[in-house]
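K.L.:
My structure is in structure-v3.cif, and what it holds is mmCIF, C-alpha atoms:
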data_data
loop_
_atom_site.label_atom_id
_atom_site.label_comp_id
_atom_site.auth_asym_id
_atom_site.auth_seq_id
_atom_site.Cartn_x
_atom_site.Cartn_y
_atom_site.Cartn_z
CA MET A 1 -46.66 72.77 33.73
CA SER A 2 -43.15 73.90 34.73
CA LEU A 3 -42.65 77.18 36.51
CA LEU A 4 -38.93 77.27 35.65
CA PRO A 5 -37.72 79.67 33.05
CA GLN A 6 -37.12 78.28 29.59
CA ILE A 7 -33.31 78.27 29.84
CA TYR A 8 -33.33 76.15 33.05
CA GLN A 9 -35.83 73.76 31.62
CA LYS A 10 -33.39 73.05 28.73
CA GLU A 11 -30.53 72.64 31.18
CA ILE A 12 -32.48 70.13 33.23
CA ARG A 13 -33.48 68.14 30.10
CA ARG A 14 -29.84 67.96 28.99
CA GLU A 15 -28.77 66.88 32.46
CA LYS A 16 -31.44 64.15 32.31
CA ILE A 17 -30.21 62.94 28.90
CA PHE A 18 -26.58 62.87 30.12
CA ARG A 19 -27.55 60.89 33.21
CA LEU A 20 -29.67 58.45 31.18
CA CYS A 21 -26.76 57.90 28.76
CA PHE A 22 -24.44 57.42 31.71
CA LEU A 23 -26.84 54.86 33.19
CA PHE A 24 -27.12 53.04 29.87
CA PHE A 25 -23.34 52.80 29.30
CA SER A 26 -22.73 51.87 32.95
CA PHE A 27 -25.31 49.08 32.70
CA ALA A 28 -23.91 47.85 29.37
CA SER A 29 -20.37 47.92 30.80
CA GLU A 30 -21.51 45.86 33.77
CA VAL A 31 -23.15 43.32 31.46
CA LEU A 32 -19.94 43.08 29.42
CA LEU A 33 -17.86 42.76 32.59
CA ILE A 34 -20.07 39.92 33.80
CA GLY A 35 -19.69 38.28 30.38
CA ILE A 36 -15.91 38.65 30.55
CA ILE A 37 -15.90 37.16 34.07
CA PHE A 38 -17.90 34.19 32.83
CA MET A 39 -15.59 33.69 29.84
CA LEU A 40 -12.42 33.72 31.96
CA PRO A 41 -12.68 30.11 33.22
CA SER A 42 -13.02 28.88 29.62
CA TYR A 43 -10.07 31.03 28.62
CA PHE A 44 -7.81 29.63 31.34
CA SER A 45 -8.95 26.03 30.85
CA LEU A 46 -8.24 26.33 27.12
CA ILE A 47 -4.79 27.79 27.79
CA PHE A 48 -3.94 24.89 30.08
CA SER A 49 -5.51 22.09 28.01
CA ALA A 50 -4.32 23.25 24.57
CA ASN A 51 -0.69 22.34 25.21
CA GLU A 52 -1.60 18.97 26.61
CA VAL A 53 -3.89 18.11 23.69
CA LEU A 54 -1.31 19.20 21.14
CA ARG A 55 1.41 17.21 22.93
CA ARG A 56 -0.82 14.14 22.93
CA TRP A 57 -1.54 14.59 19.22
CA ASP A 58 2.20 14.76 18.48
CA ALA A 59 2.81 11.64 20.53
CA GLU A 60 0.01 9.77 18.72
CA LYS A 61 1.35 10.85 15.34
CA GLN A 62 4.86 9.68 16.19
CA ALA A 63 3.56 6.37 17.55
CA PHE A 64 1.50 5.84 14.40
CA GLU A 65 4.42 6.67 12.12
CA ARG A 66 6.57 4.13 13.96
CA GLN A 67 4.15 1.33 12.94
CA ASP A 68 5.75 0.97 9.48
CA ILE A 69 2.43 1.17 7.69
CA THR A 70 3.83 1.14 4.17
CA SER A 71 5.46 -2.27 4.37
CA PHE A 72 2.41 -3.67 6.18
CA GLU A 73 0.11 -2.30 3.47
CA ASP A 74 2.38 -3.82 0.81
CA THR A 75 2.16 -7.17 2.57
CA ILE A 76 -1.63 -6.97 2.76
CA THR A 77 -1.85 -5.93 -0.91
CA GLN A 78 0.34 -8.85 -1.93
CA ILE A 79 -1.68 -11.31 0.16
CA ASN A 80 -4.97 -9.96 -1.23
CA ARG A 81 -3.67 -10.16 -4.79
CA ARG A 82 -2.50 -13.72 -4.31
CA ALA A 83 -5.74 -14.74 -2.57
CA MET A 84 -7.76 -13.24 -5.41
CA LEU A 85 -5.62 -15.02 -8.00
CA TYR A 86 -6.02 -18.25 -6.06
CA THR A 87 -9.83 -17.85 -5.93
CA ASN A 88 -10.01 -17.00 -9.65
CA ASN A 89 -7.88 -20.01 -10.50
CA GLU A 90 -9.97 -22.27 -8.27
CA ASN A 91 -13.08 -21.04 -10.09
CA LYS A 92 -11.52 -22.05 -13.41
CA ARG A 93 -11.09 -25.66 -12.25
CA TYR A 94 -13.17 -28.49 -13.62
CA HIS A 95 -13.25 -32.13 -12.60
CA LEU A 96 -12.17 -34.63 -15.21
CA ALA A 97 -12.77 -37.65 -12.98
CA ARG A 98 -16.54 -37.05 -13.01
CA LEU A 99 -16.58 -37.06 -16.83
CA LEU A 100 -14.55 -40.27 -16.96
CA VAL A 101 -17.04 -41.80 -14.54
CA ARG A 102 -19.88 -40.73 -16.86
CA VAL A 103 -18.15 -42.41 -19.80
CA ALA A 104 -17.70 -45.56 -17.74
CA GLU A 105 -21.33 -45.47 -16.57
CA ALA A 106 -22.60 -45.45 -20.17
CA ASP A 107 -20.54 -48.50 -20.95
CA ASP A 108 -21.86 -52.08 -20.67
CA LYS A 109 -20.70 -55.62 -21.45
CA TYR A 110 -21.59 -55.28 -25.14
CA ILE A 111 -19.35 -52.28 -25.60
CA HIS A 112 -15.60 -52.41 -25.55
CA LEU A 113 -13.65 -49.16 -25.63
CA ASN A 114 -10.27 -49.08 -27.32
CA SER A 115 -9.30 -45.50 -26.66
CA ILE A 116 -10.59 -42.30 -25.11
CA ASN A 117 -9.06 -38.98 -26.05
CA LEU A 118 -9.88 -35.62 -24.51
CA GLN A 119 -9.28 -32.83 -26.99
CA SER A 120 -9.74 -29.10 -26.67
CA GLU A 121 -11.63 -27.07 -29.26
CA ASN A 122 -10.76 -23.54 -30.37
CA ASP A 123 -13.51 -21.95 -28.30
CA GLY A 124 -12.26 -23.47 -25.04
CA SER A 125 -14.73 -26.34 -24.97
CA PHE A 126 -13.66 -29.99 -24.97
CA LYS A 127 -14.66 -33.20 -26.66
CA PHE A 128 -14.08 -36.86 -26.05
CA ALA A 129 -13.05 -38.85 -29.09
CA ILE A 130 -13.93 -42.44 -28.31
CA ARG A 131 -12.98 -45.49 -30.36
CA GLY A 132 -14.30 -48.94 -29.58
CA THR A 133 -16.32 -51.94 -30.65
CA ALA A 134 -19.91 -52.99 -30.03
CA THR A 135 -21.18 -56.54 -30.26
CA THR A 136 -24.47 -55.54 -31.91
CA ARG A 137 -25.98 -52.53 -33.61
CA ASP A 138 -28.76 -52.32 -31.01
CA ALA A 139 -26.20 -52.35 -28.20
CA PHE A 140 -24.35 -49.52 -29.95
CA ILE A 141 -27.54 -47.48 -30.46
CA SER A 142 -28.53 -47.81 -26.83
CA TYR A 143 -24.95 -46.88 -25.83
CA ILE A 144 -25.21 -43.71 -27.89
CA GLN A 145 -28.58 -42.94 -26.29
CA ARG A 146 -27.10 -43.34 -22.80
CA LEU A 147 -24.29 -40.97 -23.73
CA LYS A 148 -26.81 -38.44 -25.08
CA ASP A 149 -28.75 -38.67 -21.80
CA THR A 150 -25.66 -37.81 -19.75
CA PRO A 151 -26.21 -34.29 -18.37
CA GLU A 152 -22.56 -33.20 -18.75
CA PHE A 153 -22.50 -33.95 -22.51
CA LEU A 154 -23.83 -31.44 -24.99
CA SER A 155 -23.96 -33.63 -28.06
CA VAL A 156 -22.78 -36.98 -29.35
CA TYR A 157 -21.63 -37.20 -32.94
CA SER A 158 -21.70 -40.67 -34.41
CA PRO A 159 -21.00 -40.97 -38.16
CA ILE A 160 -23.50 -43.05 -40.10
CA SER A 161 -20.70 -45.45 -41.02
CA ASN A 162 -20.87 -46.73 -37.42
CA LEU A 163 -24.24 -48.26 -38.20
CA LEU A 164 -23.35 -50.08 -41.39
CA ARG A 165 -22.66 -53.44 -39.76
CA GLU A 166 -25.13 -55.36 -37.64
CA SER A 167 -22.57 -57.01 -35.36
CA ASN A 168 -18.93 -56.52 -34.32
CA ILE A 169 -19.17 -52.84 -35.00
CA SER A 170 -16.02 -50.75 -34.83
CA PHE A 171 -17.13 -47.27 -33.95
CA ALA A 172 -15.66 -43.81 -33.58
CA ILE A 173 -17.70 -41.15 -31.82
CA ASP A 174 -17.12 -37.59 -30.69
CA ILE A 175 -18.78 -36.31 -27.53
CA LEU A 176 -18.94 -32.56 -27.09
CA ILE A 177 -18.79 -31.63 -23.39
CA LYS A 178 -20.90 -28.79 -22.04
CA GLN A 179 -18.85 -25.69 -21.25
CA GLU A 180 -20.22 -25.54 -17.71
CA SER A 181 -18.84 -29.06 -17.14
CA TYR A 182 -15.40 -28.66 -18.64
CA TYR A 183 -13.91 -25.52 -20.11
CA TYR A 184 -10.51 -23.96 -20.51
CA ALA A 185 -9.50 -21.14 -22.82
CA ALA A 186 -5.73 -21.18 -23.02
CA ASN A 187 -5.45 -17.43 -23.56
CA GLN A 188 -7.71 -16.34 -20.69
CA MET B 1 -26.70 81.61 32.35
CA PRO B 2 -26.75 78.10 33.92
CA GLN B 3 -23.41 76.13 34.05
CA ILE B 4 -23.04 72.59 32.60
CA ASN B 5 -22.59 69.98 35.34
CA LYS B 6 -18.98 68.82 34.66
CA LYS B 7 -19.28 65.84 37.00
CA THR B 8 -22.08 64.32 34.89
CA ILE B 9 -20.06 64.85 31.69
CA PHE B 10 -16.96 63.15 33.17
CA LEU B 11 -19.08 60.25 34.39
CA LEU B 12 -20.65 59.90 30.98
CA ILE B 13 -17.27 59.98 29.18
CA GLY B 14 -15.88 57.50 31.73
CA SER B 15 -18.79 55.10 31.23
CA ILE B 16 -18.44 55.32 27.43
CA CYS B 17 -14.69 54.60 27.69
CA ALA B 18 -15.34 51.64 30.01
CA PHE B 19 -18.00 50.35 27.62
CA VAL B 20 -15.61 50.55 24.65
CA ILE B 21 -12.78 48.89 26.61
CA PHE B 22 -15.04 46.10 27.83
CA ILE B 23 -16.54 45.50 24.40
CA VAL B 24 -13.06 45.24 22.83
CA LEU B 25 -11.90 42.98 25.66
CA ALA B 26 -14.97 40.73 25.42
CA ASP B 27 -14.59 40.49 21.64
CA LEU B 28 -10.92 39.53 21.89
CA LEU B 29 -11.66 36.99 24.60
CA TYR B 30 -14.58 35.51 22.69
CA ASN B 31 -12.61 35.20 19.43
CA TYR B 32 -9.65 33.66 21.26
CA ILE B 33 -11.90 31.09 22.94
CA GLN B 34 -13.59 30.30 19.63
CA ALA B 35 -10.32 29.85 17.74
CA GLN B 36 -8.57 27.90 20.47
CA GLY B 37 -11.66 25.74 21.04
CA ALA B 38 -11.88 24.93 17.35
CA SER B 39 -8.20 23.97 17.14
CA ILE B 40 -8.45 21.80 20.26
CA LYS B 41 -11.59 20.16 18.90
CA SER B 42 -9.89 19.36 15.58
CA ALA B 43 -6.82 18.07 17.43
CA LYS B 44 -9.03 15.82 19.55
CA ILE B 45 -10.81 14.52 16.43
CA ALA B 46 -7.42 13.86 14.85
CA ILE B 47 -6.34 11.98 17.98
CA VAL B 48 -9.50 9.84 17.88
CA VAL B 49 -8.96 9.14 14.18
CA LEU B 50 -5.33 8.20 14.82
CA GLU B 51 -6.35 5.98 17.72
CA ASP B 52 -8.95 4.28 15.53
CA LYS B 53 -6.40 3.79 12.78
CA GLU B 54 -3.95 2.35 15.27
CA LYS B 55 -6.64 -0.02 16.59
CA ASP B 56 -7.50 -1.06 13.02
CA LEU B 57 -3.84 -1.65 12.33
CA ILE B 58 -3.44 -3.78 15.44
CA ASN B 59 -6.60 -5.71 14.53
CA ALA B 60 -5.33 -6.21 10.98
CA LYS B 61 -1.99 -7.47 12.33
CA ASN B 62 -3.77 -9.82 14.72
CA ASN B 63 -6.03 -11.08 11.92
CA LEU B 64 -2.99 -11.60 9.75
CA GLU B 65 -1.45 -13.62 12.55
CA LEU B 66 -4.66 -15.67 12.90
CA LEU B 67 -4.85 -16.26 9.14
CA LYS B 68 -1.17 -17.13 8.90
CA GLU B 69 -1.95 -20.81 8.40
CA ASP B 70 -4.40 -20.10 5.56
CA ILE B 71 -2.01 -17.63 3.97
CA THR B 72 0.76 -20.21 4.10
CA LYS B 73 -1.60 -22.72 2.48
CA ILE B 74 -2.36 -20.26 -0.32
CA ASP B 75 1.35 -19.55 -0.77
CA GLN B 76 2.06 -23.25 -0.94
CA ALA B 77 -0.66 -23.69 -3.59
CA PHE B 78 1.47 -21.73 -6.03
CA LEU B 79 3.95 -23.64 -8.11
CA SER B 80 7.43 -22.27 -8.69
CA GLU B 81 10.80 -23.64 -9.74
CA ALA B 82 11.59 -24.12 -6.08
CA SER B 83 8.41 -26.09 -5.33
CA PHE B 84 8.36 -28.12 -8.55
CA VAL B 85 9.87 -31.20 -6.89
CA THR B 86 7.26 -30.97 -4.10
CA PHE B 87 4.58 -30.85 -6.81
CA LEU B 88 5.99 -33.97 -8.48
CA LYS B 89 6.22 -35.75 -5.13
CA LEU B 90 2.58 -34.89 -4.49
CA LEU B 91 1.55 -36.44 -7.81
CA GLU B 92 3.65 -39.52 -7.07
CA ALA B 93 1.94 -39.80 -3.68
CA LEU B 94 -1.47 -39.54 -5.36
CA ALA B 95 -0.50 -42.27 -7.79
CA GLN B 96 0.66 -44.49 -4.95
CA LYS B 97 -2.56 -43.84 -3.05
CA SER B 98 -4.74 -44.69 -6.04
CA GLY B 99 -2.69 -47.69 -7.13
CA VAL B 100 -1.39 -46.46 -10.47
CA ILE B 101 2.10 -46.00 -11.81
CA PHE B 102 2.99 -42.37 -12.43
CA GLN B 103 5.72 -41.09 -14.66
CA ALA B 104 6.42 -37.45 -15.45
CA GLU B 105 7.45 -37.04 -19.06
CA ASN B 106 7.92 -33.38 -19.76
CA ALA B 107 7.46 -30.04 -18.03
CA ASP B 108 7.36 -26.45 -19.12
CA LEU B 109 7.67 -23.63 -16.62
CA PRO B 110 7.05 -20.11 -17.93
CA ARG B 111 9.56 -17.31 -17.40
CA SER B 112 7.02 -14.92 -15.90
CA SER B 113 4.16 -15.31 -13.43
CA ASP B 114 1.67 -14.45 -16.21
CA GLY B 115 2.29 -17.75 -17.94
CA LYS B 116 1.03 -21.20 -17.04
CA ALA B 117 3.12 -24.19 -16.14
CA GLU B 118 2.50 -27.47 -17.91
CA LEU B 119 3.33 -31.02 -17.00
CA ASN B 120 3.03 -33.96 -19.35
CA PHE B 121 2.78 -37.25 -17.58
CA MET B 122 1.90 -40.87 -18.05
CA VAL B 123 -0.06 -43.06 -15.66
CA ARG B 124 -0.65 -46.76 -15.92
CA GLY B 125 -3.35 -48.74 -14.16
CA ASP B 126 -6.88 -50.09 -14.41
CA TYR B 127 -9.83 -47.79 -15.10
CA PRO B 128 -11.15 -47.48 -11.49
CA SER B 129 -7.64 -46.71 -10.21
CA LEU B 130 -7.15 -44.14 -12.94
CA ILE B 131 -10.44 -42.47 -12.05
CA LYS B 132 -9.36 -42.41 -8.41
CA PHE B 133 -6.06 -40.82 -9.45
CA PHE B 134 -7.80 -38.14 -11.51
CA SER B 135 -10.29 -37.58 -8.73
CA LEU B 136 -7.41 -36.90 -6.33
CA LEU B 137 -5.68 -34.75 -8.95
CA ASP B 138 -8.83 -32.63 -9.22
CA GLN B 139 -8.44 -31.78 -5.52
CA ILE B 140 -4.77 -30.83 -5.31
CA PRO B 141 -3.99 -27.31 -4.11
CA TYR B 142 -2.13 -26.38 -7.33
CA SER B 143 -5.17 -25.17 -9.31
CA GLY B 144 -5.13 -26.33 -12.88
CA ILE B 145 -6.83 -28.34 -15.55
CA ILE B 146 -6.06 -31.40 -17.64
CA ASP B 147 -6.37 -30.17 -21.20
CA GLN B 148 -5.18 -33.28 -23.03
CA VAL B 149 -5.85 -36.92 -22.25
CA SER B 150 -5.25 -40.04 -24.22
CA ILE B 151 -6.40 -43.34 -22.74
CA SER B 152 -5.43 -46.52 -24.52
CA PRO B 153 -4.98 -50.13 -23.50
CA ASP B 154 -1.58 -51.40 -22.45
CA SER B 155 -0.63 -54.01 -25.05
CA THR B 156 1.49 -55.89 -22.53
CA LYS B 157 -1.10 -56.32 -19.80
CA ASN B 158 -4.81 -57.11 -19.86
CA SER B 159 -7.20 -54.58 -18.28
CA THR B 160 -4.34 -52.13 -17.79
CA LEU B 161 -4.64 -48.76 -19.43
CA ILE B 162 -2.03 -46.20 -20.29
CA VAL B 163 -2.98 -42.57 -19.91
CA ARG B 164 -0.97 -39.74 -21.30
CA ALA B 165 -2.16 -36.37 -20.08
CA ARG B 166 -1.14 -32.76 -19.75
CA TYR B 167 -1.87 -30.82 -16.57
CA VAL B 168 -1.87 -27.04 -16.95
CA VAL B 169 -1.11 -25.34 -13.63
CA PHE B 170 -2.79 -21.93 -13.23
CA ASN B 171 -1.10 -21.19 -9.91
CA PHE B 172 2.40 -20.35 -10.96
CA ILE B 173 4.75 -17.72 -9.60
CA SER B 174 8.07 -16.84 -11.06
CA GLN B 175 11.02 -16.72 -8.64
CA GLN B 176 12.45 -13.62 -10.37
#
Can you dump the structure from the file as structure tokens?
P.N.:
Amino acid sequence: MSLLPQIYQKEIRREKIFRLCFLFFSFASEVLLIGIIFMLPSYFSLIFSANEVLRRWDAEKQAFERQDITSFEDTITQINRRAMLYTNNENKRYHLARLLVRVAEADDKYIHLNSINLQSENDGSFKFAIRGTATTRDAFISYIQRLKDTPEFLSVYSPISNLLRESNISFAIDILIKQESYYYAANQ
Amino acid sequence: MPQINKKTIFLLIGSICAFVIFIVLADLLYNYIQAQGASIKSAKIAIVVLEDKEKDLINAKNNLELLKEDITKIDQAFLSEASFVTFLKLLEALAQKSGVIFQAENADLPRSSDGKAELNFMVRGDYPSLIKFFSLLDQIPYSGIIDQVSISPDSTKNSTLIVRARYVVFNFISQQ
């Protein structure tokens, strides 16, 4: 219990509040000051490094622009386009020699070929039109069978008129070639 | 009546002013560091990106140099008016190698690169030699296909065949 009169008690309480506020703001100011002191090295290092970094960036940009990228990109584009065209064209190639070998393989001494024609169909597939003679009907039938067994050939069309004679048969046959063995669509 | 202690009031006002000044100063400093740091960081990233691009460019140029031989081969695989004679000489060389007689009969070169060049030719020889010729023709760098063939016996010579064929060249570039 205080023995001071009421008016002095109020004065002392106010003085206490003022001093507490003063202490609080002084302490906060010190904290801020310490923070500022700690931030100063970053501030100065940024000031000094910023110019250098920006100068380096400018130099890099100028060096990069000097490389003449546009013409180099054009060259690359042209090479890529041509390489792609080359690959596509290579993929469209088929080997005729293998088919001619197959025709020759089916042949034997009883069969004599007079002509072989390779003709294209409307759908891009091809057919061999073969004219020739066979010594016997059996030889001709087995020749047709050998042609049918050839994996590159899709079908062999032999008109019934080829079988009318028993010997010295003049024949005309059409061999349709599988599209995976020989194919070319002129408008592709 | 008790007097207010003026010294305490001045100290309090002084500490408040110092607090305000320091808080403003710290805020300015902090914002400056943030902004400058961000711009330096983005500049450094841009430098790294530029350096990477430059490295990629140098690598691409080196690769292009390394692939020069292949690129030249691809370029040479395309037929043009300028390389037509080379193409014919190649076919003549193939014919010589396979032992057949080659004769070019007709040629059609398109006006634009979209079209396809065509060469009609005649070869004369026995069947194995002809197959060898076509086998070599299937391997030439000028990609194409034989879309017409007619094989018939040569009436003047036994076992000799005459082949008339058309070779369509896919790889064609116009000089224009």
K.L.:
For the PyMOL selection byres ((chain A) within 7 of (chain B)), applied here, can you spell out every residue it catches as a PyMOL selection string?
P.N.:
chain A and resi 8+18-19+21-22+25-26+28-29+32-33+36+43+46+50+53-54+57+60+64+83+86+89-90+93-97+100+114-120
K.L.:
Would you compute the distance between atom CA of Leu20 of chain A and atom CA of Ser2 of chain A? Give it in Å to one decimal.
P.N.:
20.8 Å
K.L.:
If we draw a sphere of 6 Å around (-16.9, -51.5, -28.8), which residues have at least one atom in it when counting all atoms listed in the file? Please report them as an NGL selection string.
P.N.:
:A and (111-113 or 132-134)
K.L.:
State, in Å with one decimal place, the distance from atom CA of Arg111 of chain B to atom CA of Asn91 of chain A.
P.N.:
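The value is 24.1 Å.
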K.L.:
Which residues, named as in the file, does the PyMOL selection byres ((chain B and resi 88-105) around 8) pick out? Answer as a CSV table (one decimal) with C-alpha atoms, keeping the file's coordinate frame.
P.N.:
chain,number,residue,atom,x,y,z
B,84,PHE,CA,8.4,-28.1,-8.6
B,85,VAL,CA,9.9,-31.2,-6.9
B,86,THR,CA,7.3,-31.0,-4.1
B,87,PHE,CA,4.6,-30.8,-6.8
B,106,ASN,CA,7.9,-33.4,-19.8
B,107,ALA,CA,7.5,-30.0,-18.0
B,119,LEU,CA,3.3,-31.0,-17.0
B,120,ASN,CA,3.0,-34.0,-19.4
B,121,PHE,CA,2.8,-37.2,-17.6
B,122,MET,CA,1.9,-40.9,-18.0
B,123,VAL,CA,-0.1,-43.1,-15.7
B,124,ARG,CA,-0.6,-46.8,-15.9
B,125,GLY,CA,-3.4,-48.7,-14.2
B,126,ASP,CA,-6.9,-50.1,-14.4
B,129,SER,CA,-7.6,-46.7,-10.2
B,130,LEU,CA,-7.2,-44.1,-12.9
B,132,LYS,CA,-9.4,-42.4,-8.4
B,133,PHE,CA,-6.1,-40.8,-9.4
B,136,LEU,CA,-7.4,-36.9,-6.3
B,137,LEU,CA,-5.7,-34.8,-9.0
K.L.:
I want to know what sits within 9 Å of Arg102 of chain A, based on all atoms listed in the file, with residues of the same chain fewer than 5 positions away left out; could you give that as a PyMOL selection string?
P.N.:
chain A and resi 97+107+147+150+152
K.L.:
Quick one: everything within 7 Å of Ala172 of chain A, counting only C-alpha atoms, minus sequence neighbours fewer than 6 positions away in the same chain. Send it as a ChimeraX atom specification.
P.N.:
/A:130-132,158
K.L.:
With 8 Å of padding per side, what axis-aligned box (centre and edge lengths, Å, one decimal) covers all the listed atoms of segment 165-175 of chain A? Give it as JSON.
P.N.:
{"center_x": -20.4, "center_y": -46.7, "center_z": -33.6, "size_x": 25.5, "size_y": 36.7, "size_z": 28.2}
K.L.:
Figure out the distance between atom CA of Ile169 of chain A and atom CA of Asp108 of chain A, please, to one decimal in Å.
P.N.:
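Calculated distance between atom CA of Asp108 of chain A and atom CA of Ile169 of chain A is 14.6 Å.
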K.L.:
Which is closest to Asp114 of chain B among A:Leu85, A:Ile69, A:Leu176, A:Ile141, if we use all atoms listed in the file?
P.N.:
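Looking only at the distances to Asp114 of chain B, the closest residue turns out to be A:Leu85.
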K.L.:
I'd like the contact shell of Pro159 of chain A - 9 Å cut-off, all atoms listed in the file, skipping same-chain residues fewer than 3 positions apart - returned as JSON, numbers by chain.
P.N.:
{"A": [162, 163, 171, 172, 173]}
K.L.:
Save the residues we just selected, C-alpha atoms, as a PDB file, in the coordinates of the input?
P.N.:
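Writing done, so here's result16.pdb:
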ATOM      1  CA  ASN A 162     -20.870 -46.730 -37.420  1.00  0.00           C
ATOM      2  CA  LEU A 163     -24.240 -48.260 -38.200  1.00  0.00           C
ATOM      3  CA  PHE A 171     -17.130 -47.270 -33.950  1.00  0.00           C
ATOM      4  CA  ALA A 172     -15.660 -43.810 -33.580  1.00  0.00           C
ATOM      5  CA  ILE A 173     -17.700 -41.150 -31.820  1.00  0.00           C
TER       6      ILE A 173
END
K.L.:
Pick the closest to Asp108 of chain B from B:Leu67, B:Leu28, B:Ile140, B:Leu79: which is it, counting all atoms listed in the file?
P.N.:
B:Leu79
